[in-house]
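Pasting final_12.cif here (mmCIF, C-alpha atoms and all ligand atoms):
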```cif
data_my_file
#
loop_
_atom_site.group_PDB
_atom_site.id
_atom_site.type_symbol
_atom_site.label_atom_id
_atom_site.label_comp_id
_atom_site.auth_asym_id
_atom_site.auth_seq_id
_atom_site.Cartn_x
_atom_site.Cartn_y
_atom_site.Cartn_z
ATOM 1 C CA MET A 1 -11.610 13.217 -19.577
ATOM 2 C CA ASN A 2 -8.303 11.695 -18.487
ATOM 3 C CA ARG A 3 -8.174 9.174 -15.614
ATOM 4 C CA ILE A 4 -7.503 11.824 -12.955
ATOM 5 C CA GLU A 5 -10.389 14.037 -14.103
ATOM 6 C CA THR A 6 -12.592 10.929 -14.131
ATOM 7 C CA VAL A 7 -11.910 9.907 -10.517
ATOM 8 C CA VAL A 8 -12.109 13.506 -9.331
ATOM 9 C CA SER A 9 -15.558 13.790 -10.952
ATOM 10 C CA TYR A 10 -16.710 10.662 -9.017
ATOM 11 C CA CYS A 11 -15.608 12.095 -5.656
ATOM 12 C CA LYS A 12 -18.734 13.274 -3.803
ATOM 13 C CA ASP A 13 -16.989 15.730 -1.466
ATOM 14 C CA PRO A 14 -15.509 18.753 -3.318
ATOM 15 C CA GLU A 15 -12.708 19.269 -0.779
ATOM 16 C CA GLN A 16 -11.735 15.595 -0.940
ATOM 17 C CA ALA A 17 -11.898 15.776 -4.745
ATOM 18 C CA SER A 18 -9.230 18.474 -4.798
ATOM 19 C CA PHE A 19 -7.047 16.418 -2.422
ATOM 20 C CA LEU A 20 -7.506 13.357 -4.629
ATOM 21 C CA GLN A 21 -6.420 15.366 -7.659
ATOM 22 C CA ALA A 22 -3.310 16.581 -5.814
ATOM 23 C CA ALA A 23 -2.456 13.039 -4.660
ATOM 24 C CA CYS A 24 -2.854 11.617 -8.183
ATOM 25 C CA ARG A 25 -0.726 14.347 -9.720
ATOM 26 C CA ALA A 26 2.032 13.865 -7.123
ATOM 27 C CA ALA A 27 1.942 10.068 -7.553
ATOM 28 C CA LEU A 28 2.376 10.366 -11.334
ATOM 29 C CA VAL A 29 5.237 12.841 -10.847
ATOM 30 C CA GLY A 30 7.052 10.465 -8.462
ATOM 31 C CA GLY A 31 6.257 7.441 -10.607
ATOM 32 C CA SER A 32 7.645 8.965 -13.782
ATOM 33 C CA ILE A 33 10.943 9.743 -12.005
ATOM 34 C CA ILE A 34 11.175 6.123 -10.834
ATOM 35 C CA ARG A 35 10.325 4.775 -14.311
ATOM 36 C CA ASN A 36 13.002 6.961 -15.946
ATOM 37 C CA LEU A 37 15.650 5.684 -13.503
ATOM 38 C CA TYR A 38 14.629 1.999 -13.778
ATOM 39 C CA ASP A 39 17.038 1.008 -16.565
ATOM 40 C CA SER A 40 20.066 2.979 -15.322
ATOM 41 C CA PRO A 41 22.638 1.778 -12.760
ATOM 42 C CA HIS A 42 21.470 2.581 -9.214
ATOM 43 C CA THR A 43 23.065 4.277 -6.234
ATOM 44 C CA ILE A 44 22.300 2.016 -3.302
ATOM 45 C CA GLU A 45 22.695 2.869 0.382
ATOM 46 C CA MET A 46 21.815 0.565 3.263
ATOM 47 C CA LYS A 47 19.339 1.562 6.010
ATOM 48 C CA GLY A 48 19.751 -1.899 7.592
ATOM 49 C CA ALA A 49 21.280 -5.281 6.686
ATOM 50 C CA ILE A 50 18.778 -5.848 3.829
ATOM 51 C CA ASN A 51 16.920 -2.498 3.787
ATOM 52 C CA LEU A 52 17.955 -0.408 0.761
ATOM 53 C CA VAL A 53 17.488 3.177 -0.291
ATOM 54 C CA THR A 54 18.251 4.221 -3.882
ATOM 55 C CA GLU A 55 18.542 7.479 -5.771
ATOM 56 C CA ALA A 56 14.975 6.867 -6.968
ATOM 57 C CA ASP A 57 13.497 6.780 -3.424
ATOM 58 C CA VAL A 58 15.091 10.146 -2.660
ATOM 59 C CA ALA A 59 14.301 11.824 -6.006
ATOM 60 C CA SER A 60 10.707 10.572 -5.990
ATOM 61 C CA GLU A 61 10.170 11.802 -2.425
ATOM 62 C CA SER A 62 11.464 15.333 -3.181
ATOM 63 C CA ALA A 63 9.286 15.618 -6.280
ATOM 64 C CA ILE A 64 6.164 14.326 -4.512
ATOM 65 C CA ILE A 65 6.643 16.732 -1.609
ATOM 66 C CA ALA A 66 7.166 19.662 -4.009
ATOM 67 C CA SER A 67 4.024 18.731 -5.939
ATOM 68 C CA LEU A 68 1.885 18.409 -2.796
ATOM 69 C CA ASN A 69 3.251 21.656 -1.333
ATOM 70 C CA GLU A 70 2.311 23.416 -4.559
ATOM 71 C CA ASP A 71 -1.234 21.995 -4.653
ATOM 72 C CA THR A 72 -2.094 21.761 -0.937
ATOM 73 C CA ALA A 73 0.172 24.215 0.898
ATOM 74 C CA GLY A 74 -0.013 24.043 4.694
ATOM 75 C CA ILE A 75 -0.851 20.342 5.078
ATOM 76 C CA SER A 76 1.807 18.505 7.029
ATOM 77 C CA ILE A 77 3.808 15.760 5.360
ATOM 78 C CA MET A 78 5.198 12.482 6.666
ATOM 79 C CA ALA A 79 7.388 10.809 4.034
ATOM 80 C CA GLU A 80 9.457 7.683 4.545
ATOM 81 C CA GLU A 81 12.933 8.971 3.722
ATOM 82 C CA SER A 82 12.585 12.085 5.895
ATOM 83 C CA ALA A 83 10.273 10.880 8.674
ATOM 84 C CA GLY A 84 12.850 9.377 11.062
ATOM 85 C CA ASP A 85 12.259 6.345 13.265
ATOM 86 C CA ASN A 86 9.076 5.607 15.225
ATOM 87 C CA PRO A 87 6.676 7.988 13.433
ATOM 88 C CA LYS A 88 3.785 9.139 15.639
ATOM 89 C CA PRO A 89 0.171 9.498 14.453
ATOM 90 C CA PRO A 90 -0.177 13.102 13.248
ATOM 91 C CA GLU A 91 -2.976 15.364 14.479
ATOM 92 C CA GLY A 92 -5.241 17.037 11.953
ATOM 93 C CA MET A 93 -4.507 16.558 8.258
ATOM 94 C CA ALA A 94 -1.326 14.904 7.057
ATOM 95 C CA TRP A 95 -0.011 13.392 3.860
ATOM 96 C CA ILE A 96 1.594 9.976 4.431
ATOM 97 C CA ILE A 97 4.005 9.109 1.605
ATOM 98 C CA ASP A 98 6.015 6.122 0.488
ATOM 99 C CA PRO A 99 7.976 7.527 -2.465
ATOM 100 C CA LEU A 100 8.940 4.028 -3.640
ATOM 101 C CA ASP A 101 7.339 0.984 -2.067
ATOM 102 C CA GLY A 102 9.219 -2.109 -3.216
ATOM 103 C CA THR A 103 12.747 -0.668 -3.307
ATOM 104 C CA THR A 104 14.348 -4.119 -3.294
ATOM 105 C CA ASN A 105 12.335 -5.018 -6.397
ATOM 106 C CA PHE A 106 13.308 -1.727 -8.067
ATOM 107 C CA ALA A 107 17.001 -2.258 -7.294
ATOM 108 C CA HIS A 108 16.892 -5.767 -8.777
ATOM 109 C CA GLY A 109 14.922 -4.833 -11.896
ATOM 110 C CA PHE A 110 11.790 -6.694 -10.751
ATOM 111 C CA PRO A 111 9.030 -4.380 -11.977
ATOM 112 C CA PHE A 112 6.629 -4.615 -9.011
ATOM 113 C CA PHE A 113 6.758 -1.377 -6.998
ATOM 114 C CA ALA A 114 4.749 1.791 -6.505
ATOM 115 C CA VAL A 115 4.340 5.254 -5.109
ATOM 116 C CA SER A 116 1.875 5.365 -2.209
ATOM 117 C CA ILE A 117 0.196 8.563 -0.989
ATOM 118 C CA ALA A 118 -2.592 8.923 1.582
ATOM 119 C CA LEU A 119 -4.236 11.862 3.273
ATOM 120 C CA LEU A 120 -5.299 11.246 6.874
ATOM 121 C CA LYS A 121 -7.470 13.559 8.971
ATOM 122 C CA ASP A 122 -7.150 12.765 12.669
ATOM 123 C CA GLY A 123 -6.244 9.207 11.709
ATOM 124 C CA VAL A 124 -9.095 8.758 9.222
ATOM 125 C CA PRO A 125 -8.048 8.170 5.589
ATOM 126 C CA LEU A 126 -9.729 10.640 3.183
ATOM 127 C CA VAL A 127 -7.791 9.880 0.037
ATOM 128 C CA GLY A 128 -5.481 7.040 -1.028
ATOM 129 C CA VAL A 129 -3.454 6.629 -4.207
ATOM 130 C CA VAL A 130 -1.083 3.847 -5.270
ATOM 131 C CA TYR A 131 0.669 4.290 -8.627
ATOM 132 C CA CYS A 132 2.608 1.460 -10.292
ATOM 133 C CA PRO A 133 4.850 3.203 -12.823
ATOM 134 C CA MET A 134 5.973 0.189 -14.877
ATOM 135 C CA GLN A 135 2.376 -0.934 -15.468
ATOM 136 C CA ASP A 136 1.064 2.657 -15.595
ATOM 137 C CA GLU A 137 -1.683 1.627 -13.153
ATOM 138 C CA LEU A 138 -3.207 4.357 -10.996
ATOM 139 C CA PHE A 139 -5.270 3.033 -8.062
ATOM 140 C CA ALA A 140 -7.202 5.850 -6.390
ATOM 141 C CA ALA A 141 -9.754 5.960 -3.582
ATOM 142 C CA CYS A 142 -11.833 8.693 -2.022
ATOM 143 C CA ARG A 143 -13.551 8.091 1.320
ATOM 144 C CA ASN A 144 -17.233 7.126 0.889
ATOM 145 C CA SER A 145 -17.019 7.763 -2.869
ATOM 146 C CA GLY A 146 -15.302 4.680 -4.258
ATOM 147 C CA VAL A 147 -12.074 3.253 -5.627
ATOM 148 C CA TRP A 148 -10.854 3.081 -9.218
ATOM 149 C CA LEU A 149 -8.061 1.637 -11.327
ATOM 150 C CA ASN A 150 -7.211 4.039 -14.167
ATOM 151 C CA GLY A 151 -10.709 5.514 -13.754
ATOM 152 C CA GLU A 152 -12.655 2.223 -13.723
ATOM 153 C CA PRO A 153 -14.335 1.060 -10.471
ATOM 154 C CA ILE A 154 -12.763 -1.966 -8.739
ATOM 155 C CA ARG A 155 -14.047 -4.432 -6.102
ATOM 156 C CA THR A 156 -12.589 -7.103 -3.861
ATOM 157 C CA THR A 157 -13.290 -10.720 -4.830
ATOM 158 C CA GLU A 158 -16.265 -12.751 -3.626
ATOM 159 C CA THR A 159 -14.184 -15.869 -2.946
ATOM 160 C CA ARG A 160 -15.712 -17.671 0.035
ATOM 161 C CA PHE A 161 -13.387 -20.603 0.620
ATOM 162 C CA LEU A 162 -9.720 -20.454 1.614
ATOM 163 C CA VAL A 163 -8.962 -23.390 -0.663
ATOM 164 C CA GLU A 164 -10.018 -21.206 -3.613
ATOM 165 C CA SER A 165 -8.048 -18.149 -2.505
ATOM 166 C CA LEU A 166 -4.799 -16.556 -3.665
ATOM 167 C CA VAL A 167 -3.332 -14.537 -0.785
ATOM 168 C CA GLY A 168 -0.289 -12.323 -0.421
ATOM 169 C CA THR A 169 2.134 -11.628 2.394
ATOM 170 C CA GLY A 170 5.522 -10.026 3.047
ATOM 171 C CA PHE A 171 8.559 -10.628 5.224
ATOM 172 C CA PRO A 172 9.959 -8.096 7.715
ATOM 173 C CA TYR A 173 13.417 -6.541 7.266
ATOM 174 C CA ASP A 174 14.528 -7.920 10.659
ATOM 175 C CA ILE A 175 13.636 -11.428 9.482
ATOM 176 C CA HIS A 176 16.268 -13.008 11.753
ATOM 177 C CA ASN A 177 14.301 -11.940 14.839
ATOM 178 C CA LYS A 178 10.935 -12.856 13.303
ATOM 179 C CA LEU A 179 11.713 -16.081 11.450
ATOM 180 C CA ASP A 180 9.795 -18.399 13.792
ATOM 181 C CA GLU A 181 6.700 -16.156 13.703
ATOM 182 C CA VAL A 182 6.810 -15.840 9.904
ATOM 183 C CA LEU A 183 7.273 -19.579 9.404
ATOM 184 C CA ALA A 184 4.487 -20.351 11.883
ATOM 185 C CA GLN A 185 2.110 -18.170 9.839
ATOM 186 C CA MET A 186 3.206 -19.937 6.646
ATOM 187 C CA ARG A 187 2.762 -23.348 8.230
ATOM 188 C CA THR A 188 -0.776 -22.400 9.281
ATOM 189 C CA ILE A 189 -1.971 -20.643 6.133
ATOM 190 C CA LEU A 190 -0.137 -22.278 3.209
ATOM 191 C CA PRO A 191 -1.859 -25.681 3.480
ATOM 192 C CA LYS A 192 -5.303 -23.999 3.654
ATOM 193 C CA VAL A 193 -5.161 -21.684 0.613
ATOM 194 C CA ARG A 194 -4.699 -22.208 -3.135
ATOM 195 C CA ASP A 195 -1.356 -20.368 -3.029
ATOM 196 C CA ILE A 196 0.600 -17.517 -1.441
ATOM 197 C CA ARG A 197 2.454 -14.658 -3.193
ATOM 198 C CA ARG A 198 5.290 -12.589 -1.705
ATOM 199 C CA ALA A 199 5.659 -9.998 -4.437
ATOM 200 C CA GLY A 200 7.620 -7.394 -2.439
ATOM 201 C CA ALA A 201 5.560 -4.204 -2.208
ATOM 202 C CA ALA A 202 2.918 -3.959 0.514
ATOM 203 C CA ALA A 203 1.149 -0.970 -1.045
ATOM 204 C CA VAL A 204 0.748 -2.887 -4.312
ATOM 205 C CA ASP A 205 -0.371 -6.029 -2.478
ATOM 206 C CA LEU A 206 -3.158 -3.972 -0.883
ATOM 207 C CA ALA A 207 -4.078 -2.389 -4.221
ATOM 208 C CA TYR A 208 -4.288 -5.899 -5.683
ATOM 209 C CA VAL A 209 -6.664 -6.977 -2.888
ATOM 210 C CA ALA A 210 -8.831 -3.948 -3.740
ATOM 211 C CA ALA A 211 -8.750 -4.888 -7.439
ATOM 212 C CA GLY A 212 -9.622 -8.544 -6.802
ATOM 213 C CA ARG A 213 -6.233 -9.832 -7.987
ATOM 214 C CA LEU A 214 -5.538 -11.185 -4.502
ATOM 215 C CA ASP A 215 -8.219 -12.412 -2.092
ATOM 216 C CA GLY A 216 -6.293 -11.300 0.968
ATOM 217 C CA PHE A 217 -2.984 -10.014 2.326
ATOM 218 C CA TRP A 218 -1.251 -9.965 5.685
ATOM 219 C CA GLU A 219 2.098 -8.719 6.927
ATOM 220 C CA MET A 220 3.800 -7.821 10.213
ATOM 221 C CA ASP A 221 6.231 -4.974 10.975
ATOM 222 C CA LEU A 222 5.010 -2.477 8.412
ATOM 223 C CA GLN A 223 5.258 1.314 8.551
ATOM 224 C CA PRO A 224 2.389 3.819 8.114
ATOM 225 C CA TRP A 225 3.527 4.810 4.586
ATOM 226 C CA ASP A 226 3.381 1.158 3.448
ATOM 227 C CA THR A 227 -0.318 0.775 4.217
ATOM 228 C CA ALA A 228 -2.120 4.133 4.691
ATOM 229 C CA ALA A 229 -3.253 4.426 1.047
ATOM 230 C CA GLY A 230 -3.867 0.703 0.496
ATOM 231 C CA TRP A 231 -6.016 0.590 3.639
ATOM 232 C CA LEU A 232 -8.522 3.019 2.070
ATOM 233 C CA LEU A 233 -8.332 1.256 -1.322
ATOM 234 C CA VAL A 234 -9.376 -2.052 0.262
ATOM 235 C CA MET A 235 -12.157 -0.532 2.388
ATOM 236 C CA GLU A 236 -13.640 1.403 -0.524
ATOM 237 C CA ALA A 237 -13.498 -1.806 -2.599
ATOM 238 C CA GLY A 238 -15.730 -3.570 -0.063
ATOM 239 C CA GLY A 239 -13.007 -5.409 1.863
ATOM 240 C CA LEU A 240 -12.118 -5.505 5.548
ATOM 241 C CA VAL A 241 -8.873 -4.329 7.154
ATOM 242 C CA SER A 242 -7.791 -5.083 10.719
ATOM 243 C CA ASP A 243 -4.888 -6.212 12.850
ATOM 244 C CA PHE A 244 -4.206 -9.966 13.077
ATOM 245 C CA ALA A 245 -6.785 -10.322 15.870
ATOM 246 C CA GLY A 246 -9.538 -8.687 13.817
ATOM 247 C CA GLN A 247 -9.380 -5.443 15.836
ATOM 248 C CA GLU A 248 -9.660 -1.920 14.436
ATOM 249 C CA TYR A 249 -6.827 -0.988 12.076
ATOM 250 C CA SER A 250 -4.518 2.029 12.059
ATOM 251 C CA PRO A 251 -1.400 2.370 9.869
ATOM 252 C CA PHE A 252 0.436 3.234 13.102
ATOM 253 C CA ILE A 253 0.124 -0.341 14.307
ATOM 254 C CA PRO A 254 2.663 -2.624 12.635
ATOM 255 C CA GLU A 255 0.506 -5.532 11.453
ATOM 256 C CA ILE A 256 -2.240 -5.667 8.856
ATOM 257 C CA LEU A 257 -4.759 -8.191 7.596
ATOM 258 C CA ALA A 258 -6.812 -7.146 4.550
ATOM 259 C CA ALA A 259 -9.206 -9.417 2.703
ATOM 260 C CA ASN A 260 -12.606 -9.698 1.130
ATOM 261 C CA LYS A 261 -15.497 -9.768 3.625
ATOM 262 C CA GLU A 262 -15.968 -13.540 3.401
ATOM 263 C CA LEU A 263 -12.357 -14.546 3.944
ATOM 264 C CA HIS A 264 -11.373 -11.905 6.493
ATOM 265 C CA PRO A 265 -12.856 -13.784 9.496
ATOM 266 C CA LEU A 266 -11.358 -17.074 8.284
ATOM 267 C CA LEU A 267 -7.892 -15.546 7.969
ATOM 268 C CA THR A 268 -8.293 -13.841 11.359
ATOM 269 C CA ASP A 269 -8.934 -17.262 12.922
ATOM 270 C CA LEU A 270 -5.682 -18.540 11.396
ATOM 271 C CA LEU A 271 -3.514 -15.548 12.365
ATOM 272 C CA ARG A 272 -4.894 -14.849 15.813
HETATM 273 C C1 LIG A 301 8.717 -2.671 1.905
HETATM 274 C C2 LIG A 301 7.799 -3.401 0.974
HETATM 275 C C3 LIG A 301 7.850 -4.891 1.256
HETATM 276 C C4 LIG A 301 7.515 -5.188 2.676
HETATM 277 C C5 LIG A 301 8.421 -4.408 3.605
HETATM 278 C C6 LIG A 301 8.293 -2.918 3.302
HETATM 279 P P1 LIG A 301 9.989 -0.474 1.014
HETATM 280 O O1 LIG A 301 8.709 -1.273 1.659
HETATM 281 O O2 LIG A 301 6.478 -2.964 1.117
HETATM 282 O O3 LIG A 301 6.939 -5.609 0.472
HETATM 283 O O4 LIG A 301 7.662 -6.562 2.906
HETATM 284 O O5 LIG A 301 8.035 -4.661 4.913
HETATM 285 O O6 LIG A 301 9.087 -2.184 4.187
HETATM 286 O O7 LIG A 301 11.081 -0.526 2.012
HETATM 287 O O8 LIG A 301 10.322 -1.132 -0.264
HETATM 288 O O9 LIG A 301 9.415 0.901 0.871
HETATM 289 CA CA CA A 302 7.324 0.659 1.839
HETATM 290 CA CA CA A 303 9.825 2.984 0.449
#
```

Turn this file's structure into structure tokens for me.
Amino acid sequence: MNRIETVVSYCKDPEQASFLQAACRAALVGGSIIRNLYDSPHTIEMKGAINLVTEADVASESAIIASLNEDTAGISIMAEESAGDNPKPPEGMAWIIDPLDGTTNFAHGFPFFAVSIALLKDGVPLVGVVYCPMQDELFAACRNSGVWLNGEPIRTTETRFLVESLVGTGFPYDIHNKLDEVLAQMRTILPKVRDIRRAGAAAVDLAYVAAGRLDGFWEMDLQPWDTAAGWLLVMEAGGLVSDFAGQEYSPFIPEILAANKELHPLLTDLLR
């Protein structure tokens, strides 16, 4: 069995299993387009002062949408490069897609980026997939069935003390308006933890929390496609996901705190 057949066989709900298969296939399709474009010169357009979009974002998005329409016709699609501003929570079933999370990394040849695909049903995540093309790592989760990296189960860490933790974060694109808030969070958290990483792709940061490579992650000003898949990955891996105050999470609120069960309340106390 290949890694997609393996995770599909672990999925307890047959309908969800077919959605997971479609999400994995689409993620690999998008990821292979990104990987093939990685070493060529890029076409870069600006969405904001430091917010880029490349030929790979656009090509990956078209291919992912085509793949999902082929496998799961009739399910609505919200994808970053075609969603417009201020996306609203969709009713019923919807695919939420980031065709290339970590575009700045991609454009600079820093190989930390991913495709992120989630299926929500009335706001509840059923399936989540994050695919890192340069590492060929496929993170996949199915609600109430588990979470796997290339077909092997993964778990969050059991780290209990902040001083032993490696945590991740990210900086918003409108950093000039948020600098004080970002620096205040750094000032509070940096002296308490072992170290902080800002690797540049929120979906991958969340996948790394699920896989136990990071103990926790927080970021403000994110979009639903950055976090929808990673949210399910972390929950299925035994972690907790909330807003900065520890309240119920939705990818349609801009801030996220994800961590193992032990550290989540400690980080909430620091961010609140
Ligand atoms: C960005 C990345 C980055 C995060 C930004 C996101 P994009 O997504 O996830 O790590 O700090 O807030 O917008 O624009 O590369 O898809
Ligand atoms: Ca993103
Ligand atoms: Ca993106």

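Distance check against Leu119 in chain A using all atoms listed in the file: of A:Ile175, A:Leu206, A:Val167, A:Ala22, the minimum falls on A:Ala22.
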
Taking the file as shown, find all residues satisfying the PyMOL selection byres (((chain A and resi 30) around 7) and not hetatm) and write them as a count of residues only.
14

Name each residue within 6 Å of ligand LIG 301 (chain A), counting only C-alpha atoms and all ligand atoms, as a PyMOL selection string.
chain A and resi 100-104+170-172+200-202+222+226

Please enumerate the residues selected by the PyMOL selection byres (((chain A and resi 255) around 9) and not hetatm) when evaluated against the supplied file, formatted as a tab-separated table (two decimals) with C-alpha atoms, in the frame of the given file.
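As written to disk, expr37.tsv reads:
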```
chain	number	residue	atom	x	y	z
A	218	TRP	CA	-1.25	-9.96	5.68
A	219	GLU	CA	2.10	-8.72	6.93
A	220	MET	CA	3.80	-7.82	10.21
A	221	ASP	CA	6.23	-4.97	10.98
A	222	LEU	CA	5.01	-2.48	8.41
A	223	GLN	CA	5.26	1.31	8.55
A	242	SER	CA	-7.79	-5.08	10.72
A	243	ASP	CA	-4.89	-6.21	12.85
A	244	PHE	CA	-4.21	-9.97	13.08
A	249	TYR	CA	-6.83	-0.99	12.08
A	251	PRO	CA	-1.40	2.37	9.87
A	252	PHE	CA	0.44	3.23	13.10
A	253	ILE	CA	0.12	-0.34	14.31
A	254	PRO	CA	2.66	-2.62	12.64
A	256	ILE	CA	-2.24	-5.67	8.86
A	257	LEU	CA	-4.76	-8.19	7.60
```

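For the pair CA of Glu81 in chain A and CA of Ala17 in chain A, the interatomic distance is 27.1 Å.
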
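Considering all atoms listed in the file, the residue among A:Thr188, A:Gln16, A:Asn105, A:Asn260 positioned nearest to Met134 in chain A is A:Asn105.
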
Ground truth for the PyMOL selection byres (((chain A and resi 272) around 8) and not hetatm), written as a ChimeraX atom specification:
/A:244-246,268-271

Env of Ala207 in chain A: 12 Å cut, atoms = all atoms listed in the file, seq-sep filter 4 positions within chain, self excluded. Answer as a PyMOL selection string.
chain A and resi 112-116+128-132+137-141+147-149+154-156+168+201-203+211-217+226-237+239+258-259

Please produce an output containing C-alpha atoms for each residue in the selection, written as a short mmCIF file (atom, residue, chain, number, x, y, z; two decimals), in the frame of the given file.
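Output file result.cif is given in full below:
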```cif
data_model
loop_
_atom_site.label_atom_id
_atom_site.label_comp_id
_atom_site.auth_asym_id
_atom_site.auth_seq_id
_atom_site.Cartn_x
_atom_site.Cartn_y
_atom_site.Cartn_z
CA PHE A 112 6.63 -4.62 -9.01
CA PHE A 113 6.76 -1.38 -7.00
CA ALA A 114 4.75 1.79 -6.50
CA VAL A 115 4.34 5.25 -5.11
CA SER A 116 1.88 5.36 -2.21
CA GLY A 128 -5.48 7.04 -1.03
CA VAL A 129 -3.45 6.63 -4.21
CA VAL A 130 -1.08 3.85 -5.27
CA TYR A 131 0.67 4.29 -8.63
CA CYS A 132 2.61 1.46 -10.29
CA GLU A 137 -1.68 1.63 -13.15
CA LEU A 138 -3.21 4.36 -11.00
CA PHE A 139 -5.27 3.03 -8.06
CA ALA A 140 -7.20 5.85 -6.39
CA ALA A 141 -9.75 5.96 -3.58
CA VAL A 147 -12.07 3.25 -5.63
CA TRP A 148 -10.85 3.08 -9.22
CA LEU A 149 -8.06 1.64 -11.33
CA ILE A 154 -12.76 -1.97 -8.74
CA ARG A 155 -14.05 -4.43 -6.10
CA THR A 156 -12.59 -7.10 -3.86
CA GLY A 168 -0.29 -12.32 -0.42
CA ALA A 201 5.56 -4.20 -2.21
CA ALA A 202 2.92 -3.96 0.51
CA ALA A 203 1.15 -0.97 -1.04
CA ALA A 211 -8.75 -4.89 -7.44
CA GLY A 212 -9.62 -8.54 -6.80
CA ARG A 213 -6.23 -9.83 -7.99
CA LEU A 214 -5.54 -11.18 -4.50
CA ASP A 215 -8.22 -12.41 -2.09
CA GLY A 216 -6.29 -11.30 0.97
CA PHE A 217 -2.98 -10.01 2.33
CA ASP A 226 3.38 1.16 3.45
CA THR A 227 -0.32 0.78 4.22
CA ALA A 228 -2.12 4.13 4.69
CA ALA A 229 -3.25 4.43 1.05
CA GLY A 230 -3.87 0.70 0.50
CA TRP A 231 -6.02 0.59 3.64
CA LEU A 232 -8.52 3.02 2.07
CA LEU A 233 -8.33 1.26 -1.32
CA VAL A 234 -9.38 -2.05 0.26
CA MET A 235 -12.16 -0.53 2.39
CA GLU A 236 -13.64 1.40 -0.52
CA ALA A 237 -13.50 -1.81 -2.60
CA GLY A 239 -13.01 -5.41 1.86
CA ALA A 258 -6.81 -7.15 4.55
CA ALA A 259 -9.21 -9.42 2.70
#
```

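Compared by their closest atoms to ligand CA 302 (chain A), and using only C-alpha atoms and all ligand atoms, the residues A:Asn51, A:Asn150, A:Thr159, A:Ser76 rank with A:Asn51 nearest.
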
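Compared by their closest atoms to ligand CA 302 (chain A), and using only C-alpha atoms and all ligand atoms, the residues A:Pro265, A:Pro153, A:Pro224, A:Gly238 rank with A:Pro224 nearest.
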
Best match for closeness to Phe19 in chain A among A:Leu263, A:Leu68, A:Leu190, A:Ala79, counting only C-alpha atoms
A:Leu68

How would range 5-15 of chain A of the given structure read as a file with N, CA, C and O atoms, as a short mmCIF file (atom, residue, chain, number, x, y, z; two decimals), in the first residue's frame?
```cif
data_model
loop_
_atom_site.label_atom_id
_atom_site.label_comp_id
_atom_site.auth_asym_id
_atom_site.auth_seq_id
_atom_site.Cartn_x
_atom_site.Cartn_y
_atom_site.Cartn_z
N GLU A 5 -3.08 5.22 0.35
CA GLU A 5 -3.93 4.03 0.63
C GLU A 5 -3.86 3.68 2.12
O GLU A 5 -4.87 3.29 2.72
N THR A 6 -2.69 3.83 2.71
CA THR A 6 -2.54 3.50 4.14
C THR A 6 -3.43 4.39 5.00
O THR A 6 -4.21 3.90 5.83
N VAL A 7 -3.34 5.73 4.82
CA VAL A 7 -4.14 6.60 5.69
C VAL A 7 -5.64 6.43 5.42
O VAL A 7 -6.45 6.47 6.35
N VAL A 8 -5.97 6.22 4.16
CA VAL A 8 -7.39 6.01 3.82
C VAL A 8 -7.91 4.75 4.52
O VAL A 8 -9.04 4.72 5.04
N SER A 9 -7.08 3.72 4.61
CA SER A 9 -7.51 2.47 5.27
C SER A 9 -7.69 2.67 6.78
O SER A 9 -8.44 1.94 7.42
N TYR A 10 -6.99 3.66 7.37
CA TYR A 10 -7.13 3.93 8.82
C TYR A 10 -8.37 4.77 9.14
O TYR A 10 -8.76 4.89 10.30
N CYS A 11 -8.94 5.40 8.14
CA CYS A 11 -10.05 6.34 8.35
C CYS A 11 -11.33 5.54 8.64
O CYS A 11 -11.75 4.72 7.83
N LYS A 12 -11.94 5.78 9.81
CA LYS A 12 -13.06 4.92 10.24
C LYS A 12 -14.35 5.19 9.46
O LYS A 12 -15.20 4.32 9.34
N ASP A 13 -14.51 6.43 8.98
CA ASP A 13 -15.75 6.80 8.30
C ASP A 13 -15.52 6.72 6.79
O ASP A 13 -14.65 7.40 6.26
N PRO A 14 -16.27 5.87 6.08
CA PRO A 14 -16.02 5.66 4.64
C PRO A 14 -16.14 6.95 3.82
O PRO A 14 -15.38 7.16 2.88
N GLU A 15 -17.11 7.81 4.18
CA GLU A 15 -17.25 9.05 3.41
C GLU A 15 -16.03 9.94 3.63
O GLU A 15 -15.45 10.49 2.68
#
```
